[in-house]
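Structure file final-v7.cif; described as mmCIF, C-alpha atoms.
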```cif
data_data
#
loop_
_atom_site.label_atom_id
_atom_site.label_comp_id
_atom_site.auth_asym_id
_atom_site.auth_seq_id
_atom_site.Cartn_x
_atom_site.Cartn_y
_atom_site.Cartn_z
CA MET A 205 87.31 93.86 151.31
CA ASP A 206 84.15 92.86 153.19
CA ARG A 207 81.03 94.34 151.58
CA LEU A 208 79.81 95.73 154.90
CA ASP A 209 83.17 97.50 155.18
CA GLU A 210 82.61 98.99 151.74
CA LEU A 211 79.21 100.30 152.80
CA GLU A 212 80.62 101.75 156.01
CA ILE A 213 83.34 103.54 154.05
CA PHE A 214 80.80 104.86 151.55
CA VAL A 215 78.45 106.18 154.27
CA THR A 216 81.38 107.83 156.07
CA VAL A 217 82.54 109.50 152.84
CA ILE A 218 79.04 110.93 152.32
CA GLN A 219 78.81 112.11 155.95
CA HIS A 220 82.19 113.86 155.96
CA GLY A 221 82.29 115.04 152.36
CA SER A 222 85.76 113.80 151.46
CA LEU A 223 87.80 110.64 150.99
CA ALA A 224 90.56 111.94 153.26
CA ALA A 225 88.23 112.73 156.17
CA ALA A 226 86.57 109.31 155.86
CA GLY A 227 89.98 107.66 155.88
CA ARG A 228 90.99 109.50 159.05
CA LYS A 229 87.72 108.66 160.76
CA LEU A 230 87.94 104.94 159.92
CA ARG A 231 91.75 104.77 160.11
CA ARG A 232 91.96 103.55 156.50
CA SER A 233 94.45 104.60 153.88
CA ALA A 234 93.37 106.92 151.06
CA PRO A 235 93.88 104.17 148.42
CA ALA A 236 91.70 101.76 150.46
CA VAL A 237 88.88 104.30 150.60
CA THR A 238 89.18 105.01 146.87
CA ARG A 239 89.12 101.27 146.05
CA ALA A 240 86.01 100.75 148.18
CA ILE A 241 84.09 103.49 146.38
CA ALA A 242 85.24 102.23 142.97
CA SER A 243 84.22 98.67 143.87
CA LEU A 244 80.75 99.80 144.92
CA GLU A 245 80.27 101.86 141.77
CA GLN A 246 81.32 98.89 139.64
CA ARG A 247 78.98 96.54 141.49
CA PHE A 248 76.01 98.92 141.21
CA GLY A 249 76.81 99.99 137.67
CA ALA A 250 76.28 103.65 138.51
CA ARG A 251 78.26 106.66 139.66
CA LEU A 252 77.64 107.15 143.39
CA VAL A 253 79.60 110.35 144.15
CA GLU A 254 80.42 113.54 142.29
CA ARG A 255 83.39 115.73 143.11
CA THR A 256 82.55 119.45 143.47
CA THR A 257 85.09 122.22 143.90
CA ARG A 258 85.22 121.76 147.67
CA ARG A 259 83.85 118.34 148.60
CA LEU A 260 82.30 115.10 147.44
CA ALA A 261 78.54 114.91 147.12
CA PRO A 262 76.30 111.88 146.50
CA THR A 263 74.55 111.44 143.16
CA GLU A 264 70.86 110.56 143.25
CA ALA A 265 71.77 106.85 143.17
CA GLY A 266 74.43 107.44 145.83
CA LEU A 267 71.97 109.20 148.11
CA ARG A 268 69.51 106.30 147.87
CA LEU A 269 72.28 103.82 148.62
CA ALA A 270 73.58 105.89 151.56
CA GLU A 271 70.13 105.96 153.15
CA ARG A 272 69.68 102.19 152.79
CA ALA A 273 73.26 101.47 153.86
CA HIS A 274 72.87 103.59 156.99
CA LEU A 275 69.84 101.55 158.06
CA LEU A 276 71.58 98.27 157.20
CA LEU A 277 74.69 99.13 159.20
CA HIS A 278 72.57 100.22 162.16
CA GLU A 279 70.63 96.95 162.09
CA TYR A 280 73.87 94.97 161.79
CA GLN A 281 75.39 96.75 164.78
CA SER A 282 72.24 96.19 166.83
CA ALA A 283 72.18 92.49 165.92
CA VAL A 284 75.80 92.05 166.95
CA LEU A 285 75.28 93.82 170.27
CA ASP A 286 72.14 91.79 171.00
CA THR A 287 73.83 88.45 170.43
CA ALA A 288 77.45 89.02 171.44
CA ASP A 289 79.17 89.60 174.75
CA THR A 290 78.61 93.29 175.47
CA GLN A 291 81.89 93.67 177.36
CA LEU A 292 83.37 96.89 175.97
CA SER A 293 86.66 96.66 174.12
CA GLY A 294 88.71 98.61 171.61
CA LEU A 295 90.44 101.99 171.42
CA LEU A 296 88.89 105.27 172.53
CA ARG A 297 90.66 108.58 171.75
CA ILE A 298 89.91 111.54 174.01
CA THR A 299 91.20 115.12 174.03
CA SER A 300 91.14 117.80 176.73
CA PRO A 301 92.92 121.02 177.71
CA VAL A 302 96.22 120.13 179.38
CA GLN A 303 95.66 121.10 183.01
CA PHE A 304 91.98 120.18 183.07
CA GLY A 305 92.93 116.81 181.59
CA ARG A 306 95.63 116.16 184.18
CA LYS A 307 93.55 117.20 187.17
CA HIS A 308 90.07 116.04 186.25
CA VAL A 309 89.78 113.97 183.06
CA ALA A 310 92.65 111.56 183.80
CA PRO A 311 91.07 110.29 187.05
CA VAL A 312 87.80 109.66 185.19
CA VAL A 313 89.67 107.76 182.47
CA MET A 314 91.48 105.61 185.02
CA ALA A 315 88.25 104.76 186.82
CA PHE A 316 86.61 103.92 183.48
CA LEU A 317 89.46 101.54 182.63
CA ASP A 318 88.95 99.80 185.97
CA LEU A 319 85.31 99.22 185.05
CA TYR A 320 86.10 98.01 181.52
CA PRO A 321 89.47 96.20 181.55
CA GLN A 322 89.33 95.35 177.83
CA MET A 323 89.15 99.01 176.83
CA GLN A 324 92.16 101.00 175.61
CA ILE A 325 92.17 104.81 175.89
CA GLU A 326 94.50 107.36 174.32
CA MET A 327 94.42 110.79 175.93
CA VAL A 328 95.56 113.73 173.80
CA LEU A 329 96.10 116.75 176.07
CA ASN A 330 96.35 119.97 174.12
CA ASP A 331 95.25 123.53 174.81
CA ARG A 332 94.33 123.92 171.13
CA ASN A 333 90.87 122.73 170.11
CA LEU A 334 91.86 119.78 167.94
CA ASP A 335 89.46 118.85 165.13
CA LEU A 336 87.70 115.61 166.00
CA ILE A 337 87.55 114.30 162.45
CA ASP A 338 90.99 115.39 161.29
CA GLU A 339 92.65 113.99 164.43
CA GLY A 340 90.53 110.81 164.65
CA LEU A 341 89.17 111.71 168.11
CA ASP A 342 86.03 110.28 169.69
CA VAL A 343 85.29 112.64 172.60
CA ALA A 344 86.59 116.08 173.58
CA VAL A 345 86.33 118.25 176.66
CA ARG A 346 86.05 121.86 175.51
CA ILE A 347 86.25 125.09 177.50
CA GLY A 348 84.48 127.93 175.70
CA HIS A 349 81.72 128.26 173.15
CA LEU A 350 81.73 125.86 170.19
CA GLN A 351 82.71 127.28 166.81
CA ASP A 352 81.33 124.27 164.87
CA SER A 353 77.55 123.90 165.21
CA SER A 354 77.64 120.43 163.65
CA ARG A 355 79.18 118.96 166.81
CA VAL A 356 77.11 117.53 169.66
CA ALA A 357 77.79 119.08 173.07
CA ARG A 358 76.69 118.30 176.60
CA ARG A 359 77.27 120.95 179.27
CA LEU A 360 79.35 119.97 182.31
CA GLY A 361 79.58 123.33 184.02
CA GLN A 362 81.31 126.67 183.59
CA VAL A 363 84.52 128.51 184.42
CA SER A 364 85.49 132.16 184.69
CA ARG A 365 88.67 134.01 183.82
CA VAL A 366 89.89 135.38 187.16
CA THR A 367 92.65 137.76 188.22
CA VAL A 368 94.80 136.69 191.18
CA ALA A 369 97.87 137.62 193.18
CA SER A 370 99.61 136.42 196.33
CA PRO A 371 99.04 138.09 199.71
CA ALA A 372 102.76 138.97 199.79
CA TYR A 373 102.58 140.80 196.45
CA LEU A 374 99.47 142.75 197.52
CA ALA A 375 101.08 143.71 200.83
CA LEU A 376 104.02 145.13 198.92
CA ARG A 377 102.27 146.75 195.94
CA GLY A 378 98.68 147.27 197.05
CA GLU A 379 95.46 145.86 195.59
CA PRO A 380 94.07 147.28 192.33
CA LYS A 381 90.46 148.41 192.63
CA GLN A 382 89.86 149.17 188.94
CA PRO A 383 91.07 147.24 185.85
CA ALA A 384 92.96 150.31 184.56
CA GLN A 385 95.22 150.20 187.64
CA LEU A 386 96.72 146.90 186.41
CA ALA A 387 98.86 148.86 183.96
CA ASP A 388 100.93 150.04 186.96
CA HIS A 389 101.47 146.52 188.34
CA ASP A 390 103.78 143.63 187.55
CA THR A 391 101.84 141.08 185.54
CA ILE A 392 102.36 137.42 184.69
CA VAL A 393 101.01 136.62 181.25
CA GLY A 394 100.47 133.34 179.42
CA THR A 395 101.76 133.17 175.87
CA GLN A 396 99.16 130.67 174.60
CA ARG A 397 96.61 133.34 173.70
CA ALA A 398 96.96 135.82 170.85
CA SER A 399 95.74 138.74 172.98
CA LEU A 400 98.38 138.16 175.67
CA ARG A 401 99.23 141.86 176.14
CA GLU A 402 95.61 142.90 176.65
CA TRP A 403 93.18 141.77 179.35
CA ARG A 404 89.47 142.35 178.86
CA PHE A 405 87.00 142.89 181.69
CA GLY A 406 83.23 142.80 181.76
CA PRO A 407 81.06 141.77 178.79
CA GLN A 408 83.24 141.55 175.68
CA GLU A 409 81.21 143.94 173.58
CA ASN A 410 81.50 146.92 175.96
CA GLY A 411 83.99 145.95 178.66
CA ASP A 412 87.25 147.54 179.73
CA ARG A 413 90.47 146.67 177.91
CA VAL A 414 93.78 147.03 179.71
CA ARG A 415 97.03 147.11 177.75
CA LEU A 416 99.89 145.45 179.65
CA THR A 417 103.66 145.45 179.69
CA PRO A 418 104.15 142.01 181.26
CA ARG A 419 106.97 141.47 183.74
CA LEU A 420 106.94 137.71 183.14
CA LEU A 421 105.68 135.73 180.13
CA LEU A 422 105.17 131.99 180.49
CA ASN A 423 103.71 129.39 178.15
CA GLU A 424 102.50 126.93 180.80
CA VAL A 425 99.79 127.27 183.45
CA GLU A 426 101.54 125.51 186.34
CA THR A 427 104.54 127.82 186.01
CA GLN A 428 102.26 130.86 185.97
CA LEU A 429 100.75 129.59 189.22
CA LEU A 430 104.19 129.08 190.77
CA ALA A 431 105.18 132.62 189.84
CA ALA A 432 101.97 134.11 191.21
CA ARG A 433 102.32 132.19 194.49
CA ALA A 434 105.90 133.45 194.75
CA GLY A 435 104.68 137.06 194.59
CA LYS A 436 106.13 137.87 191.17
CA GLY A 437 103.04 139.65 189.94
CA ILE A 438 99.34 139.50 189.10
CA ALA A 439 98.16 136.62 186.92
CA ARG A 440 94.97 135.84 185.07
CA LEU A 441 93.86 132.22 184.90
CA LEU A 442 90.73 130.11 184.74
CA SER A 443 88.76 129.63 187.94
CA TYR A 444 89.28 125.85 188.08
CA GLN A 445 93.05 126.38 187.79
CA VAL A 446 93.21 128.59 190.91
CA ALA A 447 90.42 127.03 192.98
CA GLU A 448 92.77 125.19 195.37
CA ASP A 449 94.98 128.26 195.88
CA LEU A 450 92.01 130.51 196.61
CA ALA A 451 90.66 128.00 199.13
CA ALA A 452 94.08 127.74 200.79
CA GLY A 453 94.68 131.49 200.79
CA THR A 454 97.90 131.27 198.76
CA LEU A 455 96.26 133.47 196.11
CA VAL A 456 93.68 136.25 196.40
CA ARG A 457 90.95 136.93 193.85
CA LEU A 458 91.05 140.48 192.47
CA LEU A 459 88.48 142.63 190.67
CA PRO A 460 85.63 140.06 190.88
CA ALA A 461 83.01 142.67 189.91
CA PHE A 462 84.78 143.22 186.57
CA GLU A 463 85.22 139.61 185.44
CA PRO A 464 84.12 138.60 181.91
CA LEU A 465 81.11 136.36 181.45
CA PRO A 466 81.67 132.69 182.36
CA MET A 467 82.55 130.16 179.67
CA PRO A 468 80.90 126.74 179.36
CA VAL A 469 82.77 123.48 179.94
CA GLN A 470 81.36 120.84 177.60
CA LEU A 471 81.69 117.27 176.41
CA VAL A 472 81.81 117.23 172.62
CA ALA A 473 81.39 114.42 170.09
CA GLN A 474 80.61 114.10 166.41
CA ASN A 475 77.17 112.48 166.31
CA ILE A 476 75.25 111.25 169.33
CA GLN A 477 72.79 109.25 167.22
CA ARG A 478 75.47 106.99 165.74
CA MET A 479 77.89 106.71 168.63
CA PRO A 480 79.54 103.29 168.96
CA LEU A 481 78.68 101.63 172.25
CA LYS A 482 82.15 102.26 173.73
CA VAL A 483 81.93 106.00 172.92
CA ARG A 484 78.40 106.35 174.29
CA THR A 485 79.31 104.49 177.47
CA PHE A 486 82.30 106.74 178.14
CA TRP A 487 80.27 109.84 177.16
CA ASP A 488 77.61 109.04 179.78
CA TYR A 489 80.16 108.04 182.43
CA ALA A 490 82.32 111.15 181.92
CA TRP A 491 79.30 113.44 182.08
CA GLN A 492 78.12 111.83 185.32
CA GLU A 493 81.55 112.24 186.93
CA LEU A 494 82.71 115.58 185.57
CA SER A 495 79.41 117.41 185.98
CA GLN A 496 79.76 116.95 189.75
CA LEU A 497 83.08 118.84 189.98
CA ALA A 498 82.74 121.81 192.32
CA GLN A 499 85.49 123.64 190.42
CA ILE A 500 83.33 124.05 187.31
CA GLN A 501 80.07 124.98 188.98
CA PRO A 502 79.01 128.66 189.39
CA GLY A 503 81.33 130.27 191.92
CA ILE A 504 84.47 128.73 193.33
CA LYS A 505 83.88 126.31 196.17
#
```

What's the C-alpha cells form of this structure?
Amino acid sequence: MDRLDELEIFVTVIQHGSLAAAGRKLRRSAPAVTRAIASLEQRFGARLVERTTRRLAPTEAGLRLAERAHLLLHEYQSAVLDTADTQLSGLLRITSPVQFGRKHVAPVVMAFLDLYPQMQIEMVLNDRNLDLIDEGLDVAVRIGHLQDSSRVARRLGQVSRVTVASPAYLALRGEPKQPAQLADHDTIVGTQRASLREWRFGPQENGDRVRLTPRLLLNEVETQLLAARAGKGIARLLSYQVAEDLAAGTLVRLLPAFEPLPMPVQLVAQNIQRMPLKVRTFWDYAWQELSQLAQIQPGIK
C-alpha cells in the first residue's frame, strides 16, 4: 500500500473514531484499514491508537503524527491540483428527500454533469436522513433542523407544513376555521411520520394538537396529492410540495394562521475545510442554484 494512502487512512480513523467508519468513508475493506494502521505502527515503532469502550482514540504519538499527516496530505493535494489538469472527475454521492430530489435536485445534478462531463454522480433519494459517514455520502439536502452539530450546513431557504384541500371537497364539506374542527373532516395522512394520527399547529411547545381518524393513509407524497386533488379529504404536506397546486387553484390553503414554524432547507456536508475539489465545486454550484428556488423562500410564490 502507498504510504500516503496509509497516512490518509490513519487520519480518517482518527477523525471518525473507528476503523469501520474510516473504511466506509474511504471505501476500503476493514482488513485493509487494519493492515494500514498496523503497518504504520510497525514503521514508527510506537502504538498510535488506543481502543476505548466506544471508539478509537490517538495516543500522544498518534496525535502528533495525525497533525503532521493532515498538513502533509493537504500540501500534497494542493500540489496535485496546482500542477494537474483541474477538470473535475470521479464519483460524487448525494442524498435528498424523494420529492424534493426529483423536482429540484435532479435538474441541478443534470446541469452539473453537463458542465463537468468526466464527473459521475449517484443520487440516493430517501425521506430518511441517511448518515453521511455510514452511507458514504458527500452532500445531503436536509429539510428540518440538524440533529448532529458536527455537520456543516448552508441554508438554502425554508418550507412550512401546510394544510390543503380541493375546492370540490370544501364546497361539499365546508372549510374548517379552527384546527379542532379537522377532527370532523375526512383526512389524508402520510404514513412516513411516527405522529401520523396527530397534527400539531402553532409553535410546538404550546400549539394545538388535533387527534385524527384518517379516512385515507398513504406512504407516498404524490399519491397524497392525487387524493387531495380528487376531493378525498384534507391533507397536510410541505409548502414546496403543494406550491404548483396552490398557484393553479387545484388546492386551497387552510388554517394559515395556525401553521407551525417554518423549517430550514439546508445543504449538509461533513467538513467544509477538507472538502475534495469535486465536492466543494458541487456544494457551491448547488447552493447557487437551489437557493434561488421560489418554492423554498418565505411564502409560496

Checklist entry - For this file, the PyMOL selection byres ((chain A and resi 229-243) around 7) selects which residues, as an MDAnalysis selection string? => result chainID A and resid 210 213:214 223:228 244:247 337 340

Item to check | segment 368-374 of chain A surroundings by all atoms listed in the file, 6 Å radius, close-in-sequence under 2 positions cut, as a PyMOL selection string | outcome: chain A and resi 376-379+432-433+435+438-439+454-458

List the residues matched by the PyMOL selection byres ((chain A and resi 314) around 12) in the displayed structure as a compact mmCIF listing (two decimals) with C-alpha atoms, in the frame of the given file, ordered by chain and then by residue number.
```
# COMPACT_ATOMS: atom_id res chain seq x y z
CA GLY A 305 92.93 116.81 181.59
CA ARG A 306 95.63 116.16 184.18
CA LYS A 307 93.55 117.20 187.17
CA HIS A 308 90.07 116.04 186.25
CA VAL A 309 89.78 113.97 183.06
CA ALA A 310 92.65 111.56 183.80
CA PRO A 311 91.07 110.29 187.05
CA VAL A 312 87.80 109.66 185.19
CA VAL A 313 89.67 107.76 182.47
CA ALA A 315 88.25 104.76 186.82
CA PHE A 316 86.61 103.92 183.48
CA LEU A 317 89.46 101.54 182.63
CA ASP A 318 88.95 99.80 185.97
CA LEU A 319 85.31 99.22 185.05
CA TYR A 320 86.10 98.01 181.52
CA PRO A 321 89.47 96.20 181.55
CA MET A 323 89.15 99.01 176.83
CA GLN A 324 92.16 101.00 175.61
CA ILE A 325 92.17 104.81 175.89
CA GLU A 326 94.50 107.36 174.32
CA MET A 327 94.42 110.79 175.93
CA PHE A 486 82.30 106.74 178.14
CA TYR A 489 80.16 108.04 182.43
CA ALA A 490 82.32 111.15 181.92
```

Item to check | Explicit residue set for the PyMOL selection byres ((chain A and resi 332) around 12), as a PyMOL selection string | outcome: chain A and resi 299-302+328-331+333-336+344-348+396-397

Checklist entry - Do you have the atom CA of Ser495 of chain A-atom CA of Trp403 of chain A distance handy? => result 28.8 Å

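Atom pair atom CA of Val425 of chain A / atom CA of Leu441 of chain A: separated by 7.9 Å.
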
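Nearest to Glu424 of chain A of all the residues A:Pro480, A:Gln303, A:Gln382, A:Ile298 is A:Gln303, counting only C-alpha atoms.
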
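The gap separating atom CA of Gln362 of chain A from atom CA of Pro464 of chain A is 12.4 Å, in Å to one decimal.
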
Next on the checklist: Here is a test: counting only C-alpha atoms, which residue of A:Ala384, A:Leu429, A:Leu442, A:Val363 is nearest to Pro466 of chain A?
Outcome noted: A:Val363

Checklist outcome for this item: Counting all atoms listed in the file, closest pick from A:Leu275, A:Asp390, A:Asp338, A:Ile218 relative to Leu252 of chain A is A:Ile218

Next on the checklist: Using all atoms listed in the file, which protein or nucleic acid residues come within 9 Å of His274 of chain A? Drop anything in the same chain fewer than 3 positions from it, and give the result as number ranges by chain.
Outcome noted: A: 211-212, 215, 269-271, 277-279

Would you mind putting N, CA and C atoms back on segment 318-345 of chain A and writing the result as a PDB file, in the frame of the given file?
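part-v8.pdb, written as the output of this step:
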```
ATOM      1  N   ASP A 318      89.173 100.814 184.928  1.00  0.00           N
ATOM      2  CA  ASP A 318      88.950  99.800 185.970  1.00  0.00           C
ATOM      3  C   ASP A 318      87.621  99.079 185.748  1.00  0.00           C
ATOM      4  N   LEU A 319      86.628  99.819 185.293  1.00  0.00           N
ATOM      5  CA  LEU A 319      85.310  99.220 185.050  1.00  0.00           C
ATOM      6  C   LEU A 319      85.306  98.341 183.799  1.00  0.00           C
ATOM      7  N   TYR A 320      86.103  98.720 182.801  1.00  0.00           N
ATOM      8  CA  TYR A 320      86.100  98.010 181.520  1.00  0.00           C
ATOM      9  C   TYR A 320      87.539  97.637 181.158  1.00  0.00           C
ATOM     10  N   PRO A 321      88.051  96.549 181.702  1.00  0.00           N
ATOM     11  CA  PRO A 321      89.470  96.200 181.550  1.00  0.00           C
ATOM     12  C   PRO A 321      89.893  95.876 180.125  1.00  0.00           C
ATOM     13  N   GLN A 322      88.948  95.635 179.212  1.00  0.00           N
ATOM     14  CA  GLN A 322      89.330  95.350 177.830  1.00  0.00           C
ATOM     15  C   GLN A 322      89.408  96.612 176.970  1.00  0.00           C
ATOM     16  N   MET A 323      89.074  97.752 177.565  1.00  0.00           N
ATOM     17  CA  MET A 323      89.150  99.010 176.830  1.00  0.00           C
ATOM     18  C   MET A 323      90.584  99.534 176.789  1.00  0.00           C
ATOM     19  N   GLN A 324      90.897 100.290 175.743  1.00  0.00           N
ATOM     20  CA  GLN A 324      92.160 101.000 175.610  1.00  0.00           C
ATOM     21  C   GLN A 324      91.835 102.465 175.325  1.00  0.00           C
ATOM     22  N   ILE A 325      92.463 103.387 176.063  1.00  0.00           N
ATOM     23  CA  ILE A 325      92.170 104.810 175.890  1.00  0.00           C
ATOM     24  C   ILE A 325      93.460 105.568 175.605  1.00  0.00           C
ATOM     25  N   GLU A 326      93.400 106.427 174.612  1.00  0.00           N
ATOM     26  CA  GLU A 326      94.500 107.360 174.320  1.00  0.00           C
ATOM     27  C   GLU A 326      94.021 108.762 174.654  1.00  0.00           C
ATOM     28  N   MET A 327      94.735 109.416 175.572  1.00  0.00           N
ATOM     29  CA  MET A 327      94.420 110.790 175.930  1.00  0.00           C
ATOM     30  C   MET A 327      95.358 111.733 175.177  1.00  0.00           C
ATOM     31  N   VAL A 328      94.783 112.731 174.527  1.00  0.00           N
ATOM     32  CA  VAL A 328      95.560 113.730 173.800  1.00  0.00           C
ATOM     33  C   VAL A 328      95.311 115.073 174.490  1.00  0.00           C
ATOM     34  N   LEU A 329      96.263 115.500 175.330  1.00  0.00           N
ATOM     35  CA  LEU A 329      96.100 116.750 176.070  1.00  0.00           C
ATOM     36  C   LEU A 329      96.712 117.885 175.269  1.00  0.00           C
ATOM     37  N   ASN A 330      95.898 118.867 174.959  1.00  0.00           N
ATOM     38  CA  ASN A 330      96.350 119.970 174.120  1.00  0.00           C
ATOM     39  C   ASN A 330      95.458 121.175 174.377  1.00  0.00           C
ATOM     40  N   ASP A 331      96.049 122.333 174.566  1.00  0.00           N
ATOM     41  CA  ASP A 331      95.250 123.530 174.810  1.00  0.00           C
ATOM     42  C   ASP A 331      94.664 124.123 173.532  1.00  0.00           C
ATOM     43  N   ARG A 332      95.034 123.574 172.370  1.00  0.00           N
ATOM     44  CA  ARG A 332      94.330 123.920 171.130  1.00  0.00           C
ATOM     45  C   ARG A 332      93.110 123.019 170.991  1.00  0.00           C
ATOM     46  N   ASN A 333      92.068 123.531 170.374  1.00  0.00           N
ATOM     47  CA  ASN A 333      90.870 122.730 170.110  1.00  0.00           C
ATOM     48  C   ASN A 333      91.106 121.880 168.864  1.00  0.00           C
ATOM     49  N   LEU A 334      91.570 120.656 169.059  1.00  0.00           N
ATOM     50  CA  LEU A 334      91.860 119.780 167.940  1.00  0.00           C
ATOM     51  C   LEU A 334      90.576 119.372 167.228  1.00  0.00           C
ATOM     52  N   ASP A 335      90.626 119.268 165.909  1.00  0.00           N
ATOM     53  CA  ASP A 335      89.460 118.850 165.130  1.00  0.00           C
ATOM     54  C   ASP A 335      89.221 117.353 165.316  1.00  0.00           C
ATOM     55  N   LEU A 336      87.996 117.002 165.688  1.00  0.00           N
ATOM     56  CA  LEU A 336      87.700 115.610 166.000  1.00  0.00           C
ATOM     57  C   LEU A 336      87.905 114.698 164.795  1.00  0.00           C
ATOM     58  N   ILE A 337      87.447 115.138 163.642  1.00  0.00           N
ATOM     59  CA  ILE A 337      87.550 114.300 162.450  1.00  0.00           C
ATOM     60  C   ILE A 337      88.989 114.215 161.967  1.00  0.00           C
ATOM     61  N   ASP A 338      89.628 115.374 161.822  1.00  0.00           N
ATOM     62  CA  ASP A 338      90.990 115.390 161.290  1.00  0.00           C
ATOM     63  C   ASP A 338      91.956 114.603 162.176  1.00  0.00           C
ATOM     64  N   GLU A 339      91.738 114.646 163.500  1.00  0.00           N
ATOM     65  CA  GLU A 339      92.650 113.990 164.430  1.00  0.00           C
ATOM     66  C   GLU A 339      92.181 112.582 164.832  1.00  0.00           C
ATOM     67  N   GLY A 340      91.031 112.134 164.305  1.00  0.00           N
ATOM     68  CA  GLY A 340      90.530 110.810 164.650  1.00  0.00           C
ATOM     69  C   GLY A 340      90.156 110.662 166.105  1.00  0.00           C
ATOM     70  N   LEU A 341      89.529 111.698 166.692  1.00  0.00           N
ATOM     71  CA  LEU A 341      89.170 111.710 168.110  1.00  0.00           C
ATOM     72  C   LEU A 341      87.700 111.372 168.299  1.00  0.00           C
ATOM     73  N   ASP A 342      87.403 110.704 169.407  1.00  0.00           N
ATOM     74  CA  ASP A 342      86.030 110.280 169.690  1.00  0.00           C
ATOM     75  C   ASP A 342      85.277 111.273 170.574  1.00  0.00           C
ATOM     76  N   VAL A 343      85.932 111.757 171.629  1.00  0.00           N
ATOM     77  CA  VAL A 343      85.290 112.640 172.600  1.00  0.00           C
ATOM     78  C   VAL A 343      86.273 113.745 172.974  1.00  0.00           C
ATOM     79  N   ALA A 344      85.756 114.960 173.155  1.00  0.00           N
ATOM     80  CA  ALA A 344      86.590 116.080 173.580  1.00  0.00           C
ATOM     81  C   ALA A 344      85.945 116.765 174.776  1.00  0.00           C
ATOM     82  N   VAL A 345      86.782 117.292 175.654  1.00  0.00           N
ATOM     83  CA  VAL A 345      86.330 118.250 176.660  1.00  0.00           C
ATOM     84  C   VAL A 345      86.744 119.624 176.162  1.00  0.00           C
TER      85      VAL A 345
END
```
